[in-house]
$ cat query-v6.txt   # compact mmCIF, C-alpha atoms
# COMPACT_ATOMS: atom_id res chain seq x y z
CA MET A 193 0.00 0.00 0.00
CA LEU A 194 1.39 3.39 -0.94
CA PHE A 195 0.15 5.56 1.91
CA ALA A 196 0.74 3.18 4.80
CA MET A 197 1.29 4.25 8.38
CA ASN A 198 4.86 4.38 9.69
CA LYS A 199 6.41 4.74 6.26
CA ASN A 200 8.77 7.42 5.09
CA ALA A 201 8.85 9.48 1.94
CA LEU A 202 11.45 11.56 0.18
CA LEU A 203 10.63 14.53 -2.01
CA LEU A 204 13.65 15.27 -4.18
CA LEU A 205 13.72 18.80 -5.58
CA GLY A 206 16.04 20.20 -8.21
CA CYS A 207 16.52 23.81 -9.18
CA PRO A 208 13.41 25.81 -8.29
CA GLU A 209 13.41 27.54 -11.67
CA LEU A 210 9.68 26.96 -12.21
CA PRO A 211 7.26 28.42 -9.64
CA VAL A 212 5.02 25.33 -9.36
CA GLN A 213 7.74 23.21 -7.75
CA THR A 214 7.59 24.87 -4.32
CA SER A 215 3.80 24.93 -4.02
CA ILE A 216 3.39 21.33 -5.21
CA ALA A 217 6.19 20.14 -2.91
CA LEU A 218 4.42 21.74 0.06
CA TYR A 219 1.07 20.33 -1.07
CA LEU A 220 2.44 16.81 -1.50
CA ALA A 221 4.34 16.99 1.80
CA ASN A 222 1.08 17.94 3.50
CA ARG A 223 -0.86 15.09 1.86
CA LEU A 224 1.81 12.54 2.77
CA LYS A 225 2.13 13.85 6.32
CA ASN A 226 -1.65 13.67 6.77
CA ALA A 227 -1.51 10.07 5.50
CA GLY A 228 0.84 9.23 8.37
CA MET A 229 4.11 9.30 6.50
CA ASP A 230 7.38 10.72 7.77
CA VAL A 231 8.35 13.26 5.05
CA PHE A 232 11.92 14.20 4.19
CA ILE A 233 12.89 16.71 1.53
CA ALA A 234 16.18 16.82 -0.36
CA GLY A 235 16.99 19.68 -2.63
CA THR A 236 19.32 22.35 -3.83
CA ASP A 237 20.10 25.15 -1.40
CA ALA A 238 17.66 27.46 -3.23
CA ALA A 239 14.85 24.87 -3.23
CA LEU A 240 15.24 24.24 0.50
CA GLU A 241 15.38 27.96 1.33
CA LEU A 242 12.18 28.57 -0.67
CA LEU A 243 10.42 25.90 1.39
CA LYS A 244 11.68 27.37 4.66
CA VAL A 245 10.44 30.83 3.68
CA SER A 246 7.10 29.46 2.41
CA ASP A 247 6.48 27.41 5.57
CA PRO A 248 8.20 29.41 8.34
CA GLU A 249 6.43 27.62 11.19
CA GLY A 250 7.07 24.15 9.81
CA HIS A 251 3.46 23.06 9.38
CA TYR A 252 4.23 21.02 6.25
CA VAL A 253 7.99 20.55 6.26
CA ASP A 254 10.18 19.81 9.26
CA VAL A 255 13.44 21.75 8.86
CA GLU A 256 15.20 18.89 10.67
CA LYS A 257 14.17 16.58 7.81
CA MET A 258 15.58 18.75 5.03
CA ILE A 259 18.70 17.36 3.38
CA LYS A 260 21.05 18.92 0.87
CA LEU A 261 20.63 17.10 -2.44
CA ASP A 262 24.24 15.90 -2.78
CA LYS A 263 24.31 14.66 0.83
CA CYS A 264 21.07 12.75 0.26
CA ILE A 265 22.37 11.05 -2.90
CA GLU A 266 25.58 10.15 -1.06
CA SER A 267 23.62 8.67 1.87
CA LEU A 268 21.39 6.66 -0.47
CA ALA A 269 24.39 5.36 -2.42
CA GLU A 270 26.16 4.33 0.79
CA LYS A 271 22.94 2.65 2.05
CA ARG A 272 22.86 4.84 5.18
CA MET A 273 19.25 5.71 4.37
CA ASP A 274 16.42 4.64 2.12
CA PHE A 275 12.76 5.48 1.76
CA TYR A 276 9.46 3.76 1.19
CA LEU A 277 8.63 6.16 -1.60
CA CYS A 278 10.47 8.89 -3.44
CA SER A 279 8.94 11.63 -5.58
CA VAL A 280 11.45 13.28 -7.88
CA PHE A 281 10.39 16.70 -9.16
CA MET A 282 11.56 17.17 -12.74
CA HIS A 283 11.40 19.87 -15.38
CA ASN A 284 14.69 19.35 -17.25
CA ASP A 285 17.43 16.82 -18.05
CA ALA A 286 18.95 17.15 -14.59
CA GLY A 287 15.69 15.82 -13.15
CA ILE A 288 15.97 12.76 -15.38
CA ALA A 289 19.51 12.19 -14.11
CA TYR A 290 18.36 12.43 -10.46
CA LEU A 291 15.46 10.05 -11.11
CA ALA A 292 17.78 7.53 -12.80
CA THR A 293 20.27 7.82 -9.95
CA VAL A 294 17.63 7.20 -7.29
CA HIS A 295 16.28 4.30 -9.38
CA GLY A 296 19.76 2.74 -9.31
CA ILE A 297 20.58 3.20 -5.62
CA SER A 298 17.27 3.06 -3.75
CA ASN A 299 14.50 0.55 -3.16
CA ALA A 300 11.88 3.31 -2.95
CA LYS A 301 8.69 3.24 -4.96
CA LEU A 302 9.49 5.99 -7.49
CA PHE A 303 7.21 8.78 -8.64
CA ALA A 304 8.32 11.19 -11.33
CA ILE A 305 6.56 14.53 -10.82
CA ILE A 306 7.10 16.03 -14.28
CA PHE A 307 6.13 19.62 -15.03
CA GLY A 308 7.00 22.56 -17.26
CA ASN A 309 6.56 23.33 -20.94
CA ASP A 310 8.56 20.23 -21.97
CA ALA A 311 6.82 17.83 -19.56
CA ASP A 312 5.70 15.38 -22.27
CA SER A 313 9.13 15.09 -23.90
CA ILE A 314 10.84 14.71 -20.53
CA SER A 315 8.37 11.96 -19.64
CA GLU A 316 9.17 10.10 -22.86
CA GLN A 317 12.89 10.06 -21.99
CA ILE A 318 12.38 7.94 -18.87
CA GLU A 319 13.49 4.44 -19.86
CA PHE A 320 12.47 2.43 -16.78
CA ASN A 321 9.26 1.76 -14.90
CA CYS A 322 8.07 4.34 -12.42
CA GLU A 323 4.85 6.19 -11.72
CA LYS A 324 4.64 9.35 -13.81
CA LEU A 325 2.53 12.38 -12.97
CA VAL A 326 2.87 14.71 -15.95
CA ALA A 327 1.42 18.20 -16.41
CA LYS A 328 2.45 21.21 -18.49
CA ALA A 329 2.41 23.32 -15.35
CA VAL A 330 4.79 26.26 -15.02
CA HIS A 331 3.05 28.94 -12.95
CA ASN A 332 -0.33 27.36 -12.19
CA PRO A 333 -0.04 24.36 -9.84
CA LEU A 334 -3.63 23.15 -10.32
CA PRO A 335 -3.00 20.74 -13.24
CA LEU A 336 -0.30 18.98 -11.22
CA LYS A 337 -2.38 19.08 -8.03
CA ARG A 338 -5.20 17.31 -9.89
CA LYS A 339 -2.79 14.58 -11.05
CA ILE A 340 -1.61 14.05 -7.48
CA ASP A 341 -5.17 13.98 -6.13
CA ASP A 342 -6.22 11.48 -8.83
CA LYS A 343 -3.27 9.22 -7.99
CA ILE A 344 -4.10 9.35 -4.28
CA LYS A 345 -7.73 8.40 -5.01
CA GLU A 346 -6.52 5.53 -7.21
CA VAL A 347 -4.19 4.23 -4.49
CA LYS A 348 -6.92 4.43 -1.86
CA ARG A 349 -9.19 2.32 -4.10
CA TRP A 350 -6.42 -0.30 -4.41
CA ALA A 351 -6.06 -0.42 -0.64
CA VAL A 352 -9.76 -1.12 0.00

$ encode --input "query-v6.txt" --output "structure tokens"
Amino acid sequence: MLFAMNKNALLLLGCPELPVQTSIALYLANRLKNAGMDVFIAGTDAALELLKVSDPEGHYVDVEKMIKLDKCIESLAEKRMDFYLCSVFMHNDAGIAYLATVHGISNAKLFAIIFGNDADSISEQIEFNCEKLVAKAVHNPLPLKRKIDDKIKEVKRWAV
């Protein structure tokens, strides 16, 4: 079951070049936290700082569970940590590289959160099995939010 109690999740954020990344990361962190998951976020310095500023009281993201992206990849590769599920936020080729890296070094159930003007072409470049949530979202987070909500409904139906 995807949203099981006592499970952990990693949200992996690249460069926060597109505005939807921060809002969707906070939204997904909230949904996962409310489902009983322990949520960690790895990202670039800028991505982590945006989250801290956007959630100053830590309602959605625990600052203690924020990890610099390179440190997280290193810890996964050295098997010092792993996660039940990992959502990789992607809007460019670097996102594909991060997704492929996590695929190779982690046992997590992988979700590719693909957004931006080139979302469809980025999605087509993924050459291994993973869940893909794809939306041409740049400024407006609602198309991606709907994809996440639909996936959560689908998973809940599986669990019944």

$ closest_residue --input "query-v6.txt" --among "A:Leu325, A:Ala217, A:Ile259, A:Ala201" --to "A:Leu242" --atoms "all atoms listed in the file"
A:Ala217

$ atom_distance --input "query-v6.txt" --atom1 "atom CA of A:Leu202" --atom2 "atom CA of A:Ala311"
21.2 Å

$ atom_distance --input "query-v6.txt" --atom1 "atom CA of A:Leu210" --atom2 "atom CA of A:Leu291"
17.9 Å

$ residues_near_point --input "query-v6.txt" --point "(9.1, 23.8, -7.5)" --cutoff "12 Å" --atoms "only C-alpha atoms" --output "PyMOL selection string"
chain A and resi 203-220+235-236+238-243+246+280-283+287+305-308+329-333+336

$ atom_distance --input "query-v6.txt" --atom1 "atom CA of A:Asn299" --atom2 "atom CA of A:Asp262"
18.2 Å

$ closest_residue --input "query-v6.txt" --among "A:Ile318, A:Ala300, A:Val294, A:Ile340" --to "A:Ile265" --atoms "all atoms listed in the file"
A:Val294

$ closest_residue --input "query-v6.txt" --among "A:Leu277, A:Lys271, A:Asn226, A:Ile314" --to "A:Tyr252" --atoms "only C-alpha atoms"
A:Asn226

$ residues_near_point --input "query-v6.txt" --point "(8.1, 9.2, -8.6)" --cutoff "6 Å" --atoms "all atoms listed in the file" --output "ChimeraX atom specification"
/A:278-280,302-305,323

$ axis_aligned_box --input "query-v6.txt" --around "stretch 235-244 of chain A" --padding-each-side "3 Å" --output "AutoDock Vina command-line options"
--center_x 15.3 --center_y 24.1 --center_z 0.4 --size_x 15.7 --size_y 14.9 --size_z 14.5

$ residues_around --input "query-v6.txt" --residues "A:His251" --least-positions-apart "3" --cutoff "10 Å" --atoms "only C-alpha atoms" --output "list in words"
Leu218, Ala221, Asn222, Lys225, Asp247, Pro248 and Asp254 of chain A

$ closest_residue --input "query-v6.txt" --among "A:Ile288, A:Val231, A:Val245, A:Met273" --to "A:Met258" --atoms "only C-alpha atoms"
A:Val231
